[in-house]
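**Q** Provided herewith is a single structure, encoded as structure tokens, for subsequent inquiry.
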Amino acid sequence: MTLDISLHQRRRPPTPEELDGIPWLALLLPAERERAVAALLVGDAKAGDYVCRLGRPVTYWFGVVEGLLKMSSDNAQGQTMTFTGVPPGGWFGEGTALKREPYRYNIQALRKSVVAGLPIDTFHWLLDHSLGFNRFVMNQLNERLGQFIAAREIDRLNNPDVRVARSLASLFNPLLYPGVGEVLRITQQELAYLVGLSRQRVNEALAALERQGAIRIEYGGLRVLELAALRSSVFQRKDT
């Protein structure tokens, strides 16, 4: 039994509290919300479970209610490239769902997570009938474009402190990830997976960012104090 099949078998109806963590439901009219809630399912993903895999057909539009996922792809040499993390409140794959094409990436749980799925046919029904849903998806696509442009920039940065700062800033996007708030529940090892650096180097970068007043390291996560600083060019490499 493969991991993604076991996750599929663990799907269940969402609880009222889990529905409260789905941001776009509040934008729907009563009849639209009723149809969406009736179709929504959630799965309790374990660390390492695949939510979707490269080349598989799209069946759901997915979102994170709780936990942390990573979006990645493997090249011909077997090397893994991580595109982004997906924290609570984040929904992803709307472009794939719109085109009904196979996935071009893997989505994997970095820790125990609750993942919601809206069936692809219901996704398209909402696109055809709901103005509020259309606006949400359009905003998602716009923000996602900016996110991936920023990710390309991050890949070319040689300063690890700046890489960590920019990667943290992308996870605190209030439009893409409204469930995060001011505190991101993430370990240094999980952040290392997302940034592509060693845990030790990420720890050094976080300490530097904390000394400069951009973040505060708390038990089980990070609190952002100056989001604009993480996004700006404040943290420049110093010549030695």
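If you're wondering about the labels, chains in the structure tokens are A, B, ... by order shown, residues count from 1 in each chain, ligands from 1 in order shown.
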Using only C-alpha atoms, which protein or nucleic acid residues come within 9 Å of region 48-57 of chain A? Drop anything in the same chain fewer than 3 positions from it, and give the result as an MDAnalysis selection string.
**A** chainID A and resid 2:8 45 62 69 73:74 100:112 115
**Q** Can I get the selection written as a PDB file, in the first residue's frame, with N, CA and C atoms?
**A**
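File written: out.pdb
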```
ATOM      1  N   THR A   2       0.675   2.123  -0.931  1.00  0.00           N
ATOM      2  CA  THR A   2       1.501   3.317  -1.009  1.00  0.00           C
ATOM      3  C   THR A   2       0.972   4.391  -0.085  1.00  0.00           C
ATOM      4  N   LEU A   3       1.858   5.357   0.200  1.00  0.00           N
ATOM      5  CA  LEU A   3       1.506   6.388   1.165  1.00  0.00           C
ATOM      6  C   LEU A   3       0.335   7.235   0.696  1.00  0.00           C
ATOM      7  N   ASP A   4       0.317   7.584  -0.619  1.00  0.00           N
ATOM      8  CA  ASP A   4      -0.752   8.457  -1.078  1.00  0.00           C
ATOM      9  C   ASP A   4      -2.101   7.738  -1.098  1.00  0.00           C
ATOM     10  N   ILE A   5      -2.089   6.395  -1.327  1.00  0.00           N
ATOM     11  CA  ILE A   5      -3.340   5.645  -1.263  1.00  0.00           C
ATOM     12  C   ILE A   5      -3.849   5.598   0.174  1.00  0.00           C
ATOM     13  N   SER A   6      -2.955   5.413   1.146  1.00  0.00           N
ATOM     14  CA  SER A   6      -3.384   5.380   2.536  1.00  0.00           C
ATOM     15  C   SER A   6      -3.952   6.725   2.964  1.00  0.00           C
ATOM     16  N   LEU A   7      -3.397   7.805   2.470  1.00  0.00           N
ATOM     17  CA  LEU A   7      -3.959   9.114   2.768  1.00  0.00           C
ATOM     18  C   LEU A   7      -5.351   9.238   2.154  1.00  0.00           C
ATOM     19  N   HIS A   8      -5.513   8.745   0.945  1.00  0.00           N
ATOM     20  CA  HIS A   8      -6.816   8.775   0.282  1.00  0.00           C
ATOM     21  C   HIS A   8      -7.850   7.997   1.103  1.00  0.00           C
ATOM     22  N   ALA A  45      -2.898  13.629   7.114  1.00  0.00           N
ATOM     23  CA  ALA A  45      -1.637  13.212   6.511  1.00  0.00           C
ATOM     24  C   ALA A  45      -0.566  13.021   7.571  1.00  0.00           C
ATOM     25  N   PHE A  62      -6.510  21.362  -3.488  1.00  0.00           N
ATOM     26  CA  PHE A  62      -6.109  21.081  -2.119  1.00  0.00           C
ATOM     27  C   PHE A  62      -5.780  22.338  -1.320  1.00  0.00           C
ATOM     28  N   LEU A  69       3.218  21.544   4.362  1.00  0.00           N
ATOM     29  CA  LEU A  69       3.547  20.745   3.190  1.00  0.00           C
ATOM     30  C   LEU A  69       4.689  21.400   2.428  1.00  0.00           C
ATOM     31  N   SER A  73       9.990  18.990  -6.944  1.00  0.00           N
ATOM     32  CA  SER A  73      10.070  18.195  -8.156  1.00  0.00           C
ATOM     33  C   SER A  73      11.449  17.553  -8.221  1.00  0.00           C
ATOM     34  N   ASP A  74      11.544  16.406  -8.868  1.00  0.00           N
ATOM     35  CA  ASP A  74      12.814  15.708  -9.031  1.00  0.00           C
ATOM     36  C   ASP A  74      13.281  15.841 -10.476  1.00  0.00           C
ATOM     37  N   ARG A 100      -7.087  21.083 -15.802  1.00  0.00           N
ATOM     38  CA  ARG A 100      -7.301  19.635 -15.655  1.00  0.00           C
ATOM     39  C   ARG A 100      -6.134  18.842 -16.226  1.00  0.00           C
ATOM     40  N   GLU A 101      -4.928  19.292 -15.971  1.00  0.00           N
ATOM     41  CA  GLU A 101      -3.746  18.631 -16.482  1.00  0.00           C
ATOM     42  C   GLU A 101      -3.058  17.849 -15.357  1.00  0.00           C
ATOM     43  N   PRO A 102      -2.166  16.914 -15.698  1.00  0.00           N
ATOM     44  CA  PRO A 102      -1.437  16.183 -14.656  1.00  0.00           C
ATOM     45  C   PRO A 102      -0.560  17.127 -13.825  1.00  0.00           C
ATOM     46  N   TYR A 103      -0.306  16.731 -12.592  1.00  0.00           N
ATOM     47  CA  TYR A 103       0.541  17.542 -11.720  1.00  0.00           C
ATOM     48  C   TYR A 103       1.971  17.603 -12.256  1.00  0.00           C
ATOM     49  N   ARG A 104       2.573  18.768 -12.132  1.00  0.00           N
ATOM     50  CA  ARG A 104       3.962  18.963 -12.544  1.00  0.00           C
ATOM     51  C   ARG A 104       4.897  19.037 -11.340  1.00  0.00           C
ATOM     52  N   TYR A 105       4.421  18.610 -10.195  1.00  0.00           N
ATOM     53  CA  TYR A 105       5.205  18.690  -8.965  1.00  0.00           C
ATOM     54  C   TYR A 105       4.663  17.679  -7.970  1.00  0.00           C
ATOM     55  N   ASN A 106       5.416  17.461  -6.907  1.00  0.00           N
ATOM     56  CA  ASN A 106       4.979  16.641  -5.787  1.00  0.00           C
ATOM     57  C   ASN A 106       4.601  17.547  -4.625  1.00  0.00           C
ATOM     58  N   ILE A 107       3.578  17.152  -3.883  1.00  0.00           N
ATOM     59  CA  ILE A 107       3.224  17.827  -2.635  1.00  0.00           C
ATOM     60  C   ILE A 107       3.305  16.780  -1.527  1.00  0.00           C
ATOM     61  N   GLN A 108       4.155  17.054  -0.527  1.00  0.00           N
ATOM     62  CA  GLN A 108       4.421  16.084   0.519  1.00  0.00           C
ATOM     63  C   GLN A 108       4.310  16.734   1.891  1.00  0.00           C
ATOM     64  N   ALA A 109       3.782  16.005   2.852  1.00  0.00           N
ATOM     65  CA  ALA A 109       3.665  16.522   4.218  1.00  0.00           C
ATOM     66  C   ALA A 109       5.013  16.452   4.919  1.00  0.00           C
ATOM     67  N   LEU A 110       5.443  17.574   5.476  1.00  0.00           N
ATOM     68  CA  LEU A 110       6.670  17.605   6.265  1.00  0.00           C
ATOM     69  C   LEU A 110       6.419  17.173   7.701  1.00  0.00           C
ATOM     70  N   ARG A 111       5.171  17.253   8.124  1.00  0.00           N
ATOM     71  CA  ARG A 111       4.792  16.826   9.471  1.00  0.00           C
ATOM     72  C   ARG A 111       3.330  16.390   9.430  1.00  0.00           C
ATOM     73  N   LYS A 112       2.818  15.927  10.534  1.00  0.00           N
ATOM     74  CA  LYS A 112       1.413  15.565  10.611  1.00  0.00           C
ATOM     75  C   LYS A 112       0.568  16.772  10.239  1.00  0.00           C
ATOM     76  N   VAL A 115      -5.229  18.039   5.570  1.00  0.00           N
ATOM     77  CA  VAL A 115      -5.310  18.558   4.206  1.00  0.00           C
ATOM     78  C   VAL A 115      -6.749  18.460   3.720  1.00  0.00           C
TER      79      VAL A 115
END
```
**Q** List as CSV every residue of region 164-191 of chain A that is in contact with region 208-223 of chain A, defined as an atom at most 12 Å from one of its atoms (using only C-alpha atoms), together with the nearest atom pair and the distance in Å rounded to one decimal, sorted by chain and then rising number.
**A**
```
residue,atom,partner,partner_atom,distance
A:Val164,CA,A:Leu209,CA,8.9
A:Ala165,CA,A:Leu209,CA,7.5
A:Arg166,CA,A:Leu209,CA,11.2
A:Leu168,CA,A:Leu222,CA,9.2
A:Ala169,CA,A:Ala214,CA,10.4
A:Leu171,CA,A:Leu222,CA,11.1
A:Phe172,CA,A:Arg223,CA,9.9
A:Val180,CA,A:Arg223,CA,10.1
A:Gly181,CA,A:Arg223,CA,9.0
A:Glu182,CA,A:Arg223,CA,5.6
A:Val183,CA,A:Arg223,CA,4.4
A:Leu184,CA,A:Leu222,CA,5.3
A:Arg185,CA,A:Gly221,CA,4.2
A:Ile186,CA,A:Gly221,CA,4.9
A:Thr187,CA,A:Gly221,CA,6.3
A:Gln188,CA,A:Gly221,CA,8.5
A:Gln189,CA,A:Gly221,CA,11.4
A:Glu190,CA,A:Gly221,CA,10.6
A:Leu191,CA,A:Gly221,CA,10.3
```
**Q** Quote the spacing between CA of Leu41 (chain A) and CA of Pro14 (chain A) in Å to one decimal place.
**A**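 According to the coordinates, CA of Leu41 (chain A) and CA of Pro14 (chain A) are separated by 5.9 Å.
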**Q** Which one of A:Arg231, A:Arg10, A:Arg201, A:Arg135 sits closest to Gln147 (chain A) if you count only C-alpha atoms?
**A**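 Smallest distance to Gln147 (chain A) is found for A:Arg231.
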**Q** Using only C-alpha atoms, can you tell me which of A:Leu131, A:Ala192, A:Leu141, A:Ala228 comes closest to Ala97 (chain A)?
**A**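 Among A:Leu131, A:Ala192, A:Leu141, A:Ala228, it is A:Leu141 that comes nearest to Ala97 (chain A).
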**Q** Using the chain letters and numbers from this document, which residues of region 78-166 of chain A does DSSP assign to strand (DSSP E or B), as number ranges by chain?
**A** A: 80-86, 91-92, 106-109, 113-119
**Q** To one decimal place, how far is CA of Arg33 (chain A) from CA of Ser130 (chain A) in Å?
**A**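 The value is 9.7 Å.
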**Q** Please measure the separation of CA of Pro30 (chain A) and CA of Glu143 (chain A), giving the value in Å to one decimal.
**A** 26.9 Å
**Q** Rank A:Leu227, A:Glu18, A:Gly43, A:Val195 by their smallest atom-to-atom distance to Lys70 (chain A), using only C-alpha atoms, and report the top residue only.
**A**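 Of all the options, A:Val195 lies closest to Lys70 (chain A).
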**Q** I want to know what sits within 8 Å of Leu40 (chain A), based on only C-alpha atoms, with residues of the same chain fewer than 2 positions away left out; could you give that as an mmCIF file with C-alpha atoms, in the first residue's frame?
**A**
```cif
data_model
loop_
_atom_site.group_PDB
_atom_site.id
_atom_site.type_symbol
_atom_site.label_atom_id
_atom_site.label_comp_id
_atom_site.auth_asym_id
_atom_site.auth_seq_id
_atom_site.Cartn_x
_atom_site.Cartn_y
_atom_site.Cartn_z
ATOM 1 C CA PRO A 13 -15.878 14.979 6.257
ATOM 2 C CA PRO A 14 -14.415 18.145 7.822
ATOM 3 C CA ALA A 36 -18.995 23.274 -1.404
ATOM 4 C CA VAL A 37 -19.266 22.018 2.184
ATOM 5 C CA ALA A 38 -21.135 18.918 1.024
ATOM 6 C CA VAL A 42 -10.169 16.274 4.644
ATOM 7 C CA ALA A 116 -8.634 19.582 2.656
ATOM 8 C CA GLY A 117 -9.693 18.653 -0.847
ATOM 9 C CA LEU A 118 -12.412 20.099 -3.068
ATOM 10 C CA PRO A 119 -13.362 17.719 -5.922
#
```
